[in-house]
file entry-v4.txt (compact mmCIF, C-alpha atoms)
# COMPACT_ATOMS: atom_id res chain seq x y z
CA MET A 1 -25.77 -3.79 8.94
CA LYS A 2 -24.01 -2.85 12.16
CA PRO A 3 -21.72 -5.29 13.97
CA PRO A 4 -22.96 -6.86 17.23
CA SER A 5 -21.45 -5.52 20.44
CA PHE A 6 -18.38 -7.08 22.02
CA VAL A 7 -15.93 -6.52 24.82
CA TYR A 8 -12.88 -4.73 23.43
CA HIS A 9 -9.34 -5.57 24.56
CA ALA A 10 -6.33 -3.54 23.47
CA PRO A 11 -3.22 -5.35 24.71
CA ALA A 12 0.18 -3.67 24.35
CA THR A 13 2.25 -6.86 24.26
CA VAL A 14 1.98 -10.36 22.82
CA ALA A 15 1.87 -11.78 26.37
CA GLU A 16 -1.11 -9.58 27.26
CA ALA A 17 -2.84 -10.54 24.01
CA VAL A 18 -2.39 -14.25 24.72
CA GLU A 19 -3.70 -13.72 28.25
CA ALA A 20 -6.81 -11.90 26.98
CA LEU A 21 -7.42 -14.58 24.33
CA ALA A 22 -7.01 -17.41 26.83
CA ALA A 23 -9.43 -15.70 29.24
CA ALA A 24 -12.00 -15.17 26.47
CA GLY A 25 -11.75 -18.81 25.36
CA ALA A 26 -13.84 -19.85 22.38
CA ASP A 27 -15.75 -16.54 22.53
CA GLY A 28 -12.62 -14.54 21.67
CA LYS A 29 -11.34 -13.43 18.26
CA VAL A 30 -8.22 -11.57 17.24
CA LEU A 31 -8.69 -8.25 15.43
CA ALA A 32 -5.79 -7.30 13.14
CA GLY A 33 -6.79 -5.75 9.79
CA GLY A 34 -10.40 -6.84 10.20
CA GLN A 35 -11.02 -7.01 6.46
CA SER A 36 -12.52 -10.50 6.72
CA LEU A 37 -13.78 -10.41 10.32
CA ILE A 38 -15.62 -7.06 10.22
CA PRO A 39 -17.66 -7.91 7.10
CA LEU A 40 -18.68 -11.15 8.81
CA MET A 41 -19.68 -9.18 11.90
CA ASN A 42 -21.51 -6.51 9.86
CA MET A 43 -23.50 -9.26 8.15
CA ARG A 44 -24.10 -10.86 11.57
CA LEU A 45 -22.47 -14.09 10.45
CA ALA A 46 -20.00 -13.77 13.34
CA ALA A 47 -20.64 -12.42 16.83
CA PRO A 48 -17.55 -12.89 18.99
CA GLY A 49 -18.07 -11.80 22.60
CA HIS A 50 -14.50 -10.53 22.94
CA LEU A 51 -12.23 -8.89 20.38
CA VAL A 52 -8.53 -8.77 21.14
CA ASP A 53 -7.19 -5.89 19.04
CA ILE A 54 -3.49 -6.49 18.33
CA ASN A 55 -3.04 -3.21 16.42
CA HIS A 56 -1.34 -1.64 19.45
CA VAL A 57 1.11 -4.51 20.03
CA ALA A 58 4.65 -3.41 19.22
CA GLY A 59 6.99 -5.50 17.09
CA LEU A 60 4.42 -7.48 15.11
CA ALA A 61 4.62 -5.56 11.82
CA GLU A 62 8.09 -6.69 10.81
CA ILE A 63 9.07 -8.32 7.53
CA THR A 64 12.41 -10.05 8.09
CA ALA A 65 14.75 -12.01 5.86
CA GLU A 66 15.68 -15.31 7.52
CA PRO A 67 17.84 -18.14 6.21
CA GLY A 68 15.80 -19.88 3.53
CA GLY A 69 12.91 -17.43 3.32
CA VAL A 70 11.08 -14.46 4.74
CA ARG A 71 9.11 -14.04 7.97
CA VAL A 72 6.06 -11.77 7.92
CA GLY A 73 4.68 -10.43 11.21
CA ALA A 74 1.02 -10.53 12.19
CA LEU A 75 0.51 -6.78 11.71
CA ALA A 76 2.26 -6.42 8.34
CA ARG A 77 -0.45 -5.15 5.98
CA HIS A 78 -0.87 -6.80 2.58
CA ALA A 79 0.24 -3.53 0.93
CA GLU A 80 3.44 -3.43 3.01
CA VAL A 81 4.28 -7.04 2.20
CA GLU A 82 3.49 -6.41 -1.48
CA ALA A 83 5.87 -3.44 -1.53
CA SER A 84 8.60 -5.14 0.52
CA GLU A 85 11.79 -5.78 -1.42
CA THR A 86 12.91 -8.12 1.36
CA ALA A 87 9.88 -10.33 0.83
CA HIS A 88 10.16 -10.09 -2.95
CA ALA A 89 13.82 -11.10 -2.95
CA ALA A 90 13.13 -14.14 -0.79
CA GLN A 91 9.98 -15.31 -2.56
CA PRO A 92 8.61 -13.45 -5.62
CA LEU A 93 5.36 -15.45 -5.50
CA VAL A 94 4.29 -13.45 -2.43
CA ARG A 95 4.05 -10.14 -4.31
CA GLU A 96 2.54 -11.79 -7.38
CA ALA A 97 -0.20 -13.38 -5.27
CA LEU A 98 -0.89 -10.29 -3.15
CA ARG A 99 -1.75 -8.32 -6.28
CA LEU A 100 -4.71 -10.68 -6.68
CA VAL A 101 -5.94 -10.15 -3.11
CA ALA A 102 -9.04 -7.89 -3.06
CA HIS A 103 -8.52 -4.21 -3.92
CA PRO A 104 -5.81 -1.70 -2.94
CA ALA A 105 -7.93 -0.12 -0.16
CA VAL A 106 -8.53 -3.53 1.44
CA ARG A 107 -4.84 -4.42 1.10
CA ASN A 108 -3.91 -1.21 2.94
CA ARG A 109 -5.61 -2.47 6.10
CA GLY A 110 -5.81 -6.26 5.78
CA THR A 111 -2.89 -8.35 7.00
CA THR A 112 -1.25 -11.30 5.27
CA VAL A 113 -1.10 -13.35 8.47
CA GLY A 114 -4.77 -12.58 9.14
CA SER A 115 -5.73 -13.79 5.69
CA ILE A 116 -3.88 -17.04 6.30
CA VAL A 117 -5.37 -17.57 9.77
CA HIS A 118 -8.84 -16.86 8.35
CA ALA A 119 -8.17 -20.01 6.27
CA ASP A 120 -10.62 -19.25 3.49
CA PRO A 121 -10.04 -21.93 0.83
CA ALA A 122 -10.92 -19.35 -1.85
CA ALA A 123 -8.15 -17.00 -0.72
CA GLU A 124 -4.73 -16.70 -2.35
CA MET A 125 -2.33 -16.51 0.58
CA PRO A 126 -3.31 -19.82 2.25
CA ALA A 127 -2.67 -21.51 -1.12
CA VAL A 128 0.72 -19.79 -1.42
CA LEU A 129 1.74 -20.88 2.09
CA ALA A 130 0.57 -24.44 1.39
CA LEU A 131 2.38 -24.60 -1.96
CA LEU A 132 5.66 -23.45 -0.41
CA ASP A 133 5.42 -25.68 2.70
CA GLY A 134 5.60 -22.57 4.85
CA SER A 135 4.64 -22.39 8.50
CA VAL A 136 2.69 -20.33 11.02
CA ARG A 137 4.33 -19.32 14.30
CA VAL A 138 1.86 -19.17 17.17
CA ARG A 139 2.14 -18.04 20.79
CA GLY A 140 -0.14 -19.51 23.42
CA PRO A 141 -0.36 -20.03 27.16
CA GLU A 142 2.04 -22.98 26.76
CA GLY A 143 4.62 -21.06 24.75
CA GLU A 144 5.53 -20.81 21.10
CA ARG A 145 5.24 -23.39 18.33
CA ASP A 146 5.54 -23.49 14.54
CA ILE A 147 2.71 -25.21 12.65
CA PRO A 148 3.60 -26.46 9.15
CA ALA A 149 1.15 -25.28 6.46
CA GLY A 150 0.23 -28.91 5.73
CA GLU A 151 -1.17 -29.24 9.26
CA PHE A 152 -2.51 -25.71 9.59
CA PHE A 153 -5.51 -25.74 7.26
CA VAL A 154 -8.18 -28.07 8.62
CA GLY A 155 -11.39 -26.98 6.88
CA PRO A 156 -13.14 -23.96 5.43
CA MET A 157 -12.31 -21.01 7.74
CA GLU A 158 -10.82 -23.52 10.16
CA SER A 159 -7.20 -23.85 11.24
CA SER A 160 -5.40 -25.95 13.81
CA LEU A 161 -4.85 -22.88 16.03
CA ARG A 162 -5.94 -23.76 19.56
CA THR A 163 -8.17 -21.58 21.70
CA GLY A 164 -6.03 -18.90 23.32
CA GLU A 165 -3.29 -19.03 20.68
CA LEU A 166 -2.20 -16.00 18.65
CA ALA A 167 -0.50 -16.31 15.26
CA VAL A 168 2.48 -13.96 15.53
CA SER A 169 4.06 -14.52 12.10
CA VAL A 170 4.22 -16.73 9.04
CA PHE A 171 7.28 -17.99 7.20
CA PHE A 172 7.36 -18.11 3.41
CA PRO A 173 10.28 -20.30 2.26
CA SER A 174 12.31 -19.40 -0.80
CA ALA A 175 12.04 -21.98 -3.57
CA ARG A 176 14.77 -23.56 -5.64
CA GLY A 177 12.60 -23.29 -8.72
CA GLY A 178 10.21 -20.96 -10.48
CA THR A 179 6.78 -20.02 -9.19
CA ALA A 180 3.61 -18.49 -10.62
CA ILE A 181 -0.03 -17.90 -9.67
CA LEU A 182 -3.02 -17.47 -11.98
CA GLU A 183 -6.72 -17.19 -11.29
CA VAL A 184 -10.07 -16.46 -12.94
CA ALA A 185 -12.49 -14.13 -11.17
CA ARG A 186 -15.71 -12.55 -12.46
CA ARG A 187 -14.26 -9.15 -11.62
CA HIS A 188 -10.66 -8.33 -10.78
CA GLY A 189 -10.25 -8.38 -7.01
CA ASP A 190 -13.23 -10.62 -6.35
CA TYR A 191 -12.82 -14.07 -4.91
CA ALA A 192 -11.62 -16.34 -7.71
CA MET A 193 -13.83 -19.04 -9.20
CA ALA A 194 -10.61 -21.02 -9.56
CA GLY A 195 -6.92 -20.32 -9.10
CA VAL A 196 -3.65 -22.21 -9.20
CA ALA A 197 -0.25 -21.46 -7.66
CA ALA A 198 2.57 -23.52 -9.16
CA LEU A 199 6.13 -24.40 -8.27
CA VAL A 200 8.54 -26.03 -10.71
CA ALA A 201 11.93 -27.07 -9.29
CA PRO A 202 14.64 -29.16 -10.99
CA ASP A 203 13.51 -32.34 -9.21
CA HIS A 204 9.83 -31.78 -8.51
CA ALA A 205 6.72 -29.85 -9.50
CA LYS A 206 3.49 -29.14 -7.64
CA VAL A 207 0.48 -26.89 -7.53
CA ALA A 208 -1.87 -25.51 -4.88
CA CYS A 209 -5.45 -24.93 -6.01
CA LEU A 210 -7.91 -22.50 -4.48
CA SER A 211 -11.70 -22.54 -4.46
CA VAL A 212 -11.91 -26.26 -5.24
CA GLY A 213 -11.94 -27.86 -1.79
CA ALA A 214 -12.30 -27.30 1.94
CA VAL A 215 -8.64 -26.30 2.22
CA PRO A 216 -5.96 -25.31 -0.33
CA VAL A 217 -5.51 -28.46 -2.42
CA VAL A 218 -1.84 -29.27 -3.00
CA VAL A 219 -1.08 -31.78 -5.76
CA ASP A 220 2.39 -33.12 -6.56
CA VAL A 221 2.71 -33.34 -10.35
CA THR A 222 6.35 -34.44 -10.55
CA GLU A 223 5.32 -37.65 -12.32
CA ALA A 224 4.03 -35.61 -15.29
CA GLU A 225 7.71 -34.98 -16.09
CA GLY A 226 7.14 -31.60 -17.69
CA ASP A 227 4.03 -32.63 -19.66
CA TRP A 228 1.82 -29.93 -18.17
CA LYS A 229 -1.30 -31.10 -19.99
CA ARG A 230 -0.87 -34.45 -18.24
CA ALA A 231 -0.29 -32.57 -14.98
CA ALA A 232 -3.58 -30.74 -15.47
CA GLU A 233 -5.38 -34.10 -15.79
CA LEU A 234 -3.72 -35.36 -12.61
CA VAL A 235 -4.95 -32.27 -10.77
CA GLN A 236 -8.47 -32.51 -12.18
CA ASP A 237 -8.66 -36.09 -10.88
CA GLN A 238 -7.76 -34.98 -7.36
CA ILE A 239 -10.05 -32.02 -6.79
CA ASP A 240 -13.63 -32.01 -5.63
CA PRO A 241 -15.06 -28.58 -6.47
CA GLU A 242 -18.51 -27.47 -5.38
CA ALA A 243 -21.08 -25.54 -7.39
CA ASP A 244 -22.35 -22.15 -6.26
CA ILE A 245 -24.03 -19.14 -7.84
CA HIS A 246 -20.73 -18.10 -9.47
CA ALA A 247 -19.72 -21.34 -11.21
CA THR A 248 -20.74 -24.96 -11.58
CA ALA A 249 -18.49 -27.71 -10.24
CA ASP A 250 -17.68 -28.79 -13.82
CA TYR A 251 -16.68 -25.27 -14.81
CA ARG A 252 -14.41 -24.97 -11.76
CA ARG A 253 -12.78 -28.30 -12.66
CA HIS A 254 -12.30 -27.10 -16.24
CA LEU A 255 -10.81 -23.77 -15.13
CA THR A 256 -8.48 -25.47 -12.66
CA GLY A 257 -7.15 -27.72 -15.44
CA VAL A 258 -6.49 -24.83 -17.80
CA LEU A 259 -4.92 -22.71 -15.05
CA THR A 260 -2.76 -25.63 -13.87
CA GLU A 261 -1.25 -26.04 -17.32
CA ARG A 262 -0.65 -22.31 -17.73
CA ALA A 263 0.69 -21.75 -14.19
CA LEU A 264 3.12 -24.68 -14.43
CA LYS A 265 4.36 -23.39 -17.78
CA ALA A 266 4.81 -19.90 -16.35
CA ALA A 267 6.61 -21.31 -13.28
CA ALA A 268 8.91 -23.42 -15.47
CA ASP A 269 9.77 -20.30 -17.52
CA ALA A 270 10.19 -18.05 -14.46
CA MET B 1 -17.86 2.96 26.13
CA HIS B 2 -14.55 4.34 24.90
CA ASP B 3 -13.25 7.87 24.50
CA VAL B 4 -11.91 7.96 20.96
CA SER B 5 -9.75 10.86 19.73
CA LEU B 6 -8.80 11.19 16.08
CA ILE B 7 -7.26 13.91 13.94
CA VAL B 8 -9.93 14.42 11.27
CA ASN B 9 -9.03 16.70 8.36
CA GLY B 10 -6.30 18.21 10.52
CA VAL B 11 -8.57 18.95 13.50
CA PRO B 12 -8.49 16.92 16.76
CA ARG B 13 -11.96 15.42 17.33
CA GLU B 14 -13.24 13.28 20.17
CA ALA B 15 -16.36 11.29 20.98
CA ARG B 16 -17.45 8.67 23.50
CA VAL B 17 -18.58 5.59 21.57
CA PRO B 18 -19.12 1.84 21.98
CA ALA B 19 -16.32 -0.42 20.71
CA ARG B 20 -18.52 -1.65 17.88
CA ARG B 21 -18.80 1.87 16.36
CA LEU B 22 -17.53 1.66 12.78
CA LEU B 23 -15.27 4.49 11.65
CA SER B 24 -17.87 5.33 8.96
CA ASP B 25 -20.57 5.82 11.61
CA PHE B 26 -18.15 7.60 13.95
CA LEU B 27 -17.51 10.18 11.22
CA ARG B 28 -21.16 10.51 10.19
CA HIS B 29 -23.11 10.15 13.43
CA ASP B 30 -20.73 11.24 16.15
CA LEU B 31 -18.81 13.96 14.30
CA GLY B 32 -21.56 15.00 11.85
CA LEU B 33 -19.28 14.59 8.83
CA THR B 34 -21.82 13.12 6.43
CA GLY B 35 -19.65 13.48 3.32
CA THR B 36 -18.44 9.92 3.83
CA HIS B 37 -21.17 7.72 2.35
CA VAL B 38 -22.14 4.23 3.45
CA GLY B 39 -23.18 1.94 0.63
CA CYS B 40 -22.84 -1.79 1.20
CA GLU B 41 -21.30 -1.77 4.68
CA HIS B 42 -19.24 -4.86 3.98
CA GLY B 43 -16.28 -3.55 2.04
CA VAL B 44 -17.42 -4.11 -1.53
CA CYS B 45 -18.63 -0.76 -2.86
CA GLY B 46 -15.89 1.63 -1.72
CA ALA B 47 -18.25 4.60 -1.11
CA CYS B 48 -17.02 4.91 2.50
CA THR B 49 -13.31 5.08 1.57
CA VAL B 50 -11.34 7.58 3.67
CA LEU B 51 -7.61 8.18 4.01
CA LEU B 52 -6.13 6.70 7.20
CA ASP B 53 -2.67 8.18 7.72
CA GLY B 54 -2.81 9.04 4.02
CA GLN B 55 -3.77 5.57 2.74
CA PRO B 56 -7.24 4.71 1.40
CA VAL B 57 -9.15 2.30 3.65
CA ARG B 58 -12.75 1.18 4.02
CA SER B 59 -14.17 3.13 6.97
CA CYS B 60 -17.00 0.56 7.21
CA LEU B 61 -14.42 -2.17 7.85
CA THR B 62 -12.59 -0.28 10.59
CA PHE B 63 -13.58 0.19 14.22
CA ALA B 64 -13.09 3.79 15.37
CA VAL B 65 -11.62 2.63 18.70
CA SER B 66 -8.97 0.64 16.83
CA VAL B 67 -7.58 3.70 15.02
CA ALA B 68 -7.68 6.15 17.94
CA GLY B 69 -4.87 8.69 17.68
CA HIS B 70 -4.50 8.31 13.91
CA GLU B 71 -5.12 10.86 11.15
CA VAL B 72 -8.19 10.57 8.95
CA THR B 73 -8.94 12.57 5.82
CA THR B 74 -12.51 12.55 4.55
CA VAL B 75 -13.98 14.11 1.41
CA GLU B 76 -14.64 17.24 3.49
CA GLY B 77 -10.88 17.63 3.92
CA LEU B 78 -9.98 17.70 0.23
CA ALA B 79 -10.96 21.30 -0.62
CA LYS B 80 -8.66 23.96 0.79
CA ASP B 81 -9.87 27.46 1.73
CA GLY B 82 -13.16 26.95 -0.05
CA GLU B 83 -11.49 25.95 -3.31
CA LEU B 84 -12.00 22.51 -4.80
CA SER B 85 -8.93 20.28 -4.98
CA ALA B 86 -7.49 19.33 -8.37
CA VAL B 87 -9.12 15.90 -8.10
CA GLN B 88 -12.51 17.44 -7.34
CA ARG B 89 -12.16 19.85 -10.27
CA GLY B 90 -11.19 16.98 -12.57
CA PHE B 91 -14.40 15.14 -11.65
CA ALA B 92 -16.49 18.30 -12.11
CA GLU B 93 -14.96 19.13 -15.50
CA CYS B 94 -15.24 15.62 -16.94
CA HIS B 95 -18.68 14.69 -15.60
CA GLY B 96 -17.10 12.04 -13.35
CA LEU B 97 -20.29 11.87 -11.30
CA GLN B 98 -24.02 11.74 -11.80
CA CYS B 99 -25.94 10.94 -8.62
CA GLY B 100 -22.80 11.50 -6.57
CA PHE B 101 -23.35 8.78 -3.99
CA CYS B 102 -20.11 6.93 -4.78
CA THR B 103 -18.11 10.12 -5.38
CA PRO B 104 -16.58 10.65 -1.91
CA GLY B 105 -14.96 7.21 -2.20
CA PHE B 106 -13.66 7.87 -5.68
CA LEU B 107 -12.28 11.29 -4.68
CA THR B 108 -10.37 10.02 -1.64
CA THR B 109 -9.09 6.99 -3.58
CA ALA B 110 -7.96 9.12 -6.53
CA THR B 111 -6.34 11.71 -4.24
CA ALA B 112 -4.02 9.11 -2.69
CA PHE B 113 -3.45 7.39 -6.03
CA LEU B 114 -2.34 10.55 -7.87
CA ARG B 115 -0.07 11.53 -4.98
CA ASP B 116 1.77 8.22 -5.50
CA HIS B 117 1.35 8.00 -9.32
CA PRO B 118 1.41 11.51 -10.81
CA ALA B 119 1.40 10.35 -14.46
CA PRO B 120 -0.69 7.15 -14.61
CA SER B 121 -1.63 5.05 -17.65
CA ASP B 122 -5.24 4.04 -18.36
CA ASP B 123 -4.56 0.60 -16.89
CA ASP B 124 -3.10 2.14 -13.71
CA VAL B 125 -6.21 4.28 -13.25
CA ILE B 126 -8.59 1.37 -13.83
CA GLU B 127 -6.68 -0.73 -11.30
CA ALA B 128 -6.69 2.14 -8.82
CA VAL B 129 -10.48 2.60 -8.90
CA SER B 130 -11.26 -1.12 -9.28
CA GLY B 131 -12.41 -1.28 -5.66
CA ASN B 132 -15.04 1.45 -6.09
CA LEU B 133 -18.46 0.83 -7.60
CA CYS B 134 -20.42 3.44 -9.55
CA ARG B 135 -23.92 2.62 -10.82
CA CYS B 136 -24.36 5.76 -12.95
CA THR B 137 -21.40 6.75 -15.05
CA GLY B 138 -20.17 3.53 -16.65
CA TYR B 139 -16.72 4.56 -15.36
CA GLN B 140 -15.45 6.09 -18.63
CA ASN B 141 -15.80 9.64 -17.34
CA ILE B 142 -14.32 8.67 -13.99
CA VAL B 143 -11.17 7.44 -15.75
CA LYS B 144 -11.11 10.70 -17.77
CA SER B 145 -11.58 12.68 -14.56
CA VAL B 146 -8.58 11.04 -12.91
CA HIS B 147 -6.42 11.78 -15.95
CA ARG B 148 -7.68 15.39 -15.98
CA ALA B 149 -6.89 15.67 -12.27
CA ALA B 150 -3.35 14.45 -12.98
CA GLU B 151 -2.98 17.28 -15.51
CA LEU B 152 -4.35 19.83 -13.07
CA LEU B 153 -2.00 18.62 -10.35
CA ALA B 154 0.94 18.85 -12.76
CA GLU B 155 -0.07 22.45 -13.62
CA GLU B 156 -0.34 23.29 -9.92
CA GLY B 157 3.10 21.85 -9.30
CA SER B 158 4.82 23.67 -12.18

call {"tool": "encode", "arguments": {"input": "entry-v4.txt", "output": "structure tokens"}}
result
Amino acid sequence: MKPPSFVYHAPATVAEAVEALAAAGADGKVLAGGQSLIPLMNMRLAAPGHLVDINHVAGLAEITAEPGGVRVGALARHAEVEASETAHAAQPLVREALRLVAHPAVRNRGTTVGSIVHADPAAEMPAVLALLDGSVRVRGPEGERDIPAGEFFVGPMESSLRTGELAVSVFFPSARGGTAILEVARRHGDYAMAGVAALVAPDHAKVACLSVGAVPVVVDVTEAEGDWKRAAELVQDQIDPEADIHATADYRRHLTGVLTERALKAAADA
Amino acid sequence: MHDVSLIVNGVPREARVPARRLLSDFLRHDLGLTGTHVGCEHGVCGACTVLLDGQPVRSCLTFAVSVAGHEVTTVEGLAKDGELSAVQRGFAECHGLQCGFCTPGFLTTATAFLRDHPAPSDDDVIEAVSGNLCRCTGYQNIVKSVHRAAELLAEEGS
């Protein structure tokens, strides 16, 4: 179908974007890549009255090495982040996970920050940010603040961004250990029925699971002490998957267990 | 309403459209370029794929107003001087299409892919067209077509 009509704003600076968002209030949405928002609008599941298009804002597409990780700007497309050697050197999990995000044509337009702000619990990049204890930098009428990933994801498609705030970048920390991400989807590029991102460091191990809760589910499995089968059981005890037309809850729980064991093993070997 | 100017297949084009006009509809309805096909209109089927500044994107998931000033290549822009491009010839030679509805998306996708990967493996080709659905061919001939196009491009280049 066709998207509903809206008032279009094309700010040239972050300050103008924040002003337009604040004026629009709860009826305003940010348009970056639009690869999640426009399908929702085309299907008439979303009908924002105002769209604030940040595609013309300068300085938001940067991918910058910072001490302890990499910062990705709000207009950096998935494909650019995937290709970025800067991002790869700081955190190889970012490229590995981006290759699982949709298809190349969607990654050419969609943005990594947008995917995180969309906060879909079935998406890969929110799980990666949650696993790594990354953060989202937001600019609002009251200035700038960094929101830790643990406080960012509140519910399905719901973040702790306040009305009038714009996410300007996210920070993916480097890790002292190995990382890996695995998922099972009906078709490559589709939303996964289950997926697990894993981090194994010398003194701790944890996973972030997608598609098995309202937000990315992070489980510390340090107490398994390298017994990844035991870790998989710990994770299965902590998730509460739902059934839908693609998979039953039991099947999702089974997949998450298998993927947890494999992802932790791959992260330990990485 | 917004005045939107784009460079389409090398030619500056302009139309006055509402902000909600999708790039796919801008091309088809406002510019009369009906080669770009609209299948699912929510980003799944890939039939509407066009090249935006050389990169394949879903025109049904892009607002025309948002890409004003940029360059768009549609399936109409692939043939040069009335002669089919190497990718188009590859599809014709290998029966890479039957009903043809999905073909504009496959052709634009394969054009950008072969520019960046002139000698792809089977797996590379399958990954490259994984975002495009075809209900007729079963894909085998599409994969063959892309390989044949790579050969034709290599011959053109030598």

call {"tool": "closest_atom_pairs", "arguments": {"input": "entry-v4.txt", "of": "chain A", "to": "chain B", "cutoff": "6 Å", "atoms": "only C-alpha atoms", "output": "Markdown table"}}
result
| residue | atom | partner | partner_atom | distance |
| --- | --- | --- | --- | --- |
| A:Ser5 | CA | B:Arg20 | CA | 5.5 |
| A:Ile38 | CA | B:Leu61 | CA | 5.6 |
| A:Pro39 | CA | B:His42 | CA | 4.6 |
| A:His103 | CA | B:Gly131 | CA | 5.2 |
| A:Ala105 | CA | B:Val57 | CA | 4.7 |

call {"tool": "residues_near_point", "arguments": {"input": "entry-v4.txt", "point": "(-5.6, 12.8, 10.4)", "cutoff": "10 Å", "atoms": "all atoms listed in the file", "output": "ChimeraX atom specification"}}
result
/B:6-13,51-54,69-74,77

call {"tool": "residues_around", "arguments": {"input": "entry-v4.txt", "residues": "segment 247-264 of chain A", "least_positions_apart": "2", "cutoff": "10 Å", "atoms": "only C-alpha atoms", "output": "PyMOL selection string"}}
result
chain A and resi 178-184+186+192-200+205-212+221+226-245+266-270

call {"tool": "write_last_selection", "arguments": {"input": "entry-v4.txt", "atoms": "C-alpha atoms", "output": "PDB file, in the frame of the given file"}}
result
ATOM      1  CA  GLY A 178      10.210 -20.960 -10.480  1.00  0.00           C
ATOM      2  CA  THR A 179       6.780 -20.020  -9.190  1.00  0.00           C
ATOM      3  CA  ALA A 180       3.610 -18.490 -10.620  1.00  0.00           C
ATOM      4  CA  ILE A 181      -0.030 -17.900  -9.670  1.00  0.00           C
ATOM      5  CA  LEU A 182      -3.020 -17.470 -11.980  1.00  0.00           C
ATOM      6  CA  GLU A 183      -6.720 -17.190 -11.290  1.00  0.00           C
ATOM      7  CA  VAL A 184     -10.070 -16.460 -12.940  1.00  0.00           C
ATOM      8  CA  ARG A 186     -15.710 -12.550 -12.460  1.00  0.00           C
ATOM      9  CA  ALA A 192     -11.620 -16.340  -7.710  1.00  0.00           C
ATOM     10  CA  MET A 193     -13.830 -19.040  -9.200  1.00  0.00           C
ATOM     11  CA  ALA A 194     -10.610 -21.020  -9.560  1.00  0.00           C
ATOM     12  CA  GLY A 195      -6.920 -20.320  -9.100  1.00  0.00           C
ATOM     13  CA  VAL A 196      -3.650 -22.210  -9.200  1.00  0.00           C
ATOM     14  CA  ALA A 197      -0.250 -21.460  -7.660  1.00  0.00           C
ATOM     15  CA  ALA A 198       2.570 -23.520  -9.160  1.00  0.00           C
ATOM     16  CA  LEU A 199       6.130 -24.400  -8.270  1.00  0.00           C
ATOM     17  CA  VAL A 200       8.540 -26.030 -10.710  1.00  0.00           C
ATOM     18  CA  ALA A 205       6.720 -29.850  -9.500  1.00  0.00           C
ATOM     19  CA  LYS A 206       3.490 -29.140  -7.640  1.00  0.00           C
ATOM     20  CA  VAL A 207       0.480 -26.890  -7.530  1.00  0.00           C
ATOM     21  CA  ALA A 208      -1.870 -25.510  -4.880  1.00  0.00           C
ATOM     22  CA  CYS A 209      -5.450 -24.930  -6.010  1.00  0.00           C
ATOM     23  CA  LEU A 210      -7.910 -22.500  -4.480  1.00  0.00           C
ATOM     24  CA  SER A 211     -11.700 -22.540  -4.460  1.00  0.00           C
ATOM     25  CA  VAL A 212     -11.910 -26.260  -5.240  1.00  0.00           C
ATOM     26  CA  VAL A 221       2.710 -33.340 -10.350  1.00  0.00           C
ATOM     27  CA  GLY A 226       7.140 -31.600 -17.690  1.00  0.00           C
ATOM     28  CA  ASP A 227       4.030 -32.630 -19.660  1.00  0.00           C
ATOM     29  CA  TRP A 228       1.820 -29.930 -18.170  1.00  0.00           C
ATOM     30  CA  LYS A 229      -1.300 -31.100 -19.990  1.00  0.00           C
ATOM     31  CA  ARG A 230      -0.870 -34.450 -18.240  1.00  0.00           C
ATOM     32  CA  ALA A 231      -0.290 -32.570 -14.980  1.00  0.00           C
ATOM     33  CA  ALA A 232      -3.580 -30.740 -15.470  1.00  0.00           C
ATOM     34  CA  GLU A 233      -5.380 -34.100 -15.790  1.00  0.00           C
ATOM     35  CA  LEU A 234      -3.720 -35.360 -12.610  1.00  0.00           C
ATOM     36  CA  VAL A 235      -4.950 -32.270 -10.770  1.00  0.00           C
ATOM     37  CA  GLN A 236      -8.470 -32.510 -12.180  1.00  0.00           C
ATOM     38  CA  ASP A 237      -8.660 -36.090 -10.880  1.00  0.00           C
ATOM     39  CA  GLN A 238      -7.760 -34.980  -7.360  1.00  0.00           C
ATOM     40  CA  ILE A 239     -10.050 -32.020  -6.790  1.00  0.00           C
ATOM     41  CA  ASP A 240     -13.630 -32.010  -5.630  1.00  0.00           C
ATOM     42  CA  PRO A 241     -15.060 -28.580  -6.470  1.00  0.00           C
ATOM     43  CA  GLU A 242     -18.510 -27.470  -5.380  1.00  0.00           C
ATOM     44  CA  ALA A 243     -21.080 -25.540  -7.390  1.00  0.00           C
ATOM     45  CA  ASP A 244     -22.350 -22.150  -6.260  1.00  0.00           C
ATOM     46  CA  ILE A 245     -24.030 -19.140  -7.840  1.00  0.00           C
ATOM     47  CA  ALA A 266       4.810 -19.900 -16.350  1.00  0.00           C
ATOM     48  CA  ALA A 267       6.610 -21.310 -13.280  1.00  0.00           C
ATOM     49  CA  ALA A 268       8.910 -23.420 -15.470  1.00  0.00           C
ATOM     50  CA  ASP A 269       9.770 -20.300 -17.520  1.00  0.00           C
ATOM     51  CA  ALA A 270      10.190 -18.050 -14.460  1.00  0.00           C
TER      52      ALA A 270
END

call {"tool": "closest_residue", "arguments": {"input": "entry-v4.txt", "among": "A:Asp53, A:Glu85, A:Asp220, A:Asp120", "to": "Ala64 of chain B", "atoms": "all atoms listed in the file"}}
result
A:Asp53

call {"tool": "atom_distance", "arguments": {"input": "entry-v4.txt", "atom1": "atom CA of Ala76 of chain A", "atom2": "atom CA of Phe152 of chain A"}}
result
19.9 Å

call {"tool": "residues_around", "arguments": {"input": "entry-v4.txt", "residues": "Arg71 of chain A", "least_positions_apart": "2", "cutoff": "9 Å", "atoms": "all atoms listed in the file", "output": "list in words"}}
result
Glu62, Ile63, Thr64, Ala65, Glu66, Gly69, Gly73, Ala87, Ser169, Val170, Phe171, Phe172 and Pro173 of chain A

call {"tool": "decode", "arguments": {"input": "entry-v4.txt", "residues": "segment 194-198 of chain A", "atoms": "C-alpha atoms", "output": "short mmCIF file (atom, residue, chain, number, x, y, z; two decimals), in the first residue's frame"}}
result
data_model
loop_
_atom_site.label_atom_id
_atom_site.label_comp_id
_atom_site.auth_asym_id
_atom_site.auth_seq_id
_atom_site.Cartn_x
_atom_site.Cartn_y
_atom_site.Cartn_z
CA ALA A 194 16.44 -17.48 17.11
CA GLY A 195 19.93 -16.04 17.31
CA VAL A 196 22.73 -15.74 19.83
CA ALA A 197 25.66 -13.33 20.07
CA ALA A 198 28.39 -14.51 22.44
#
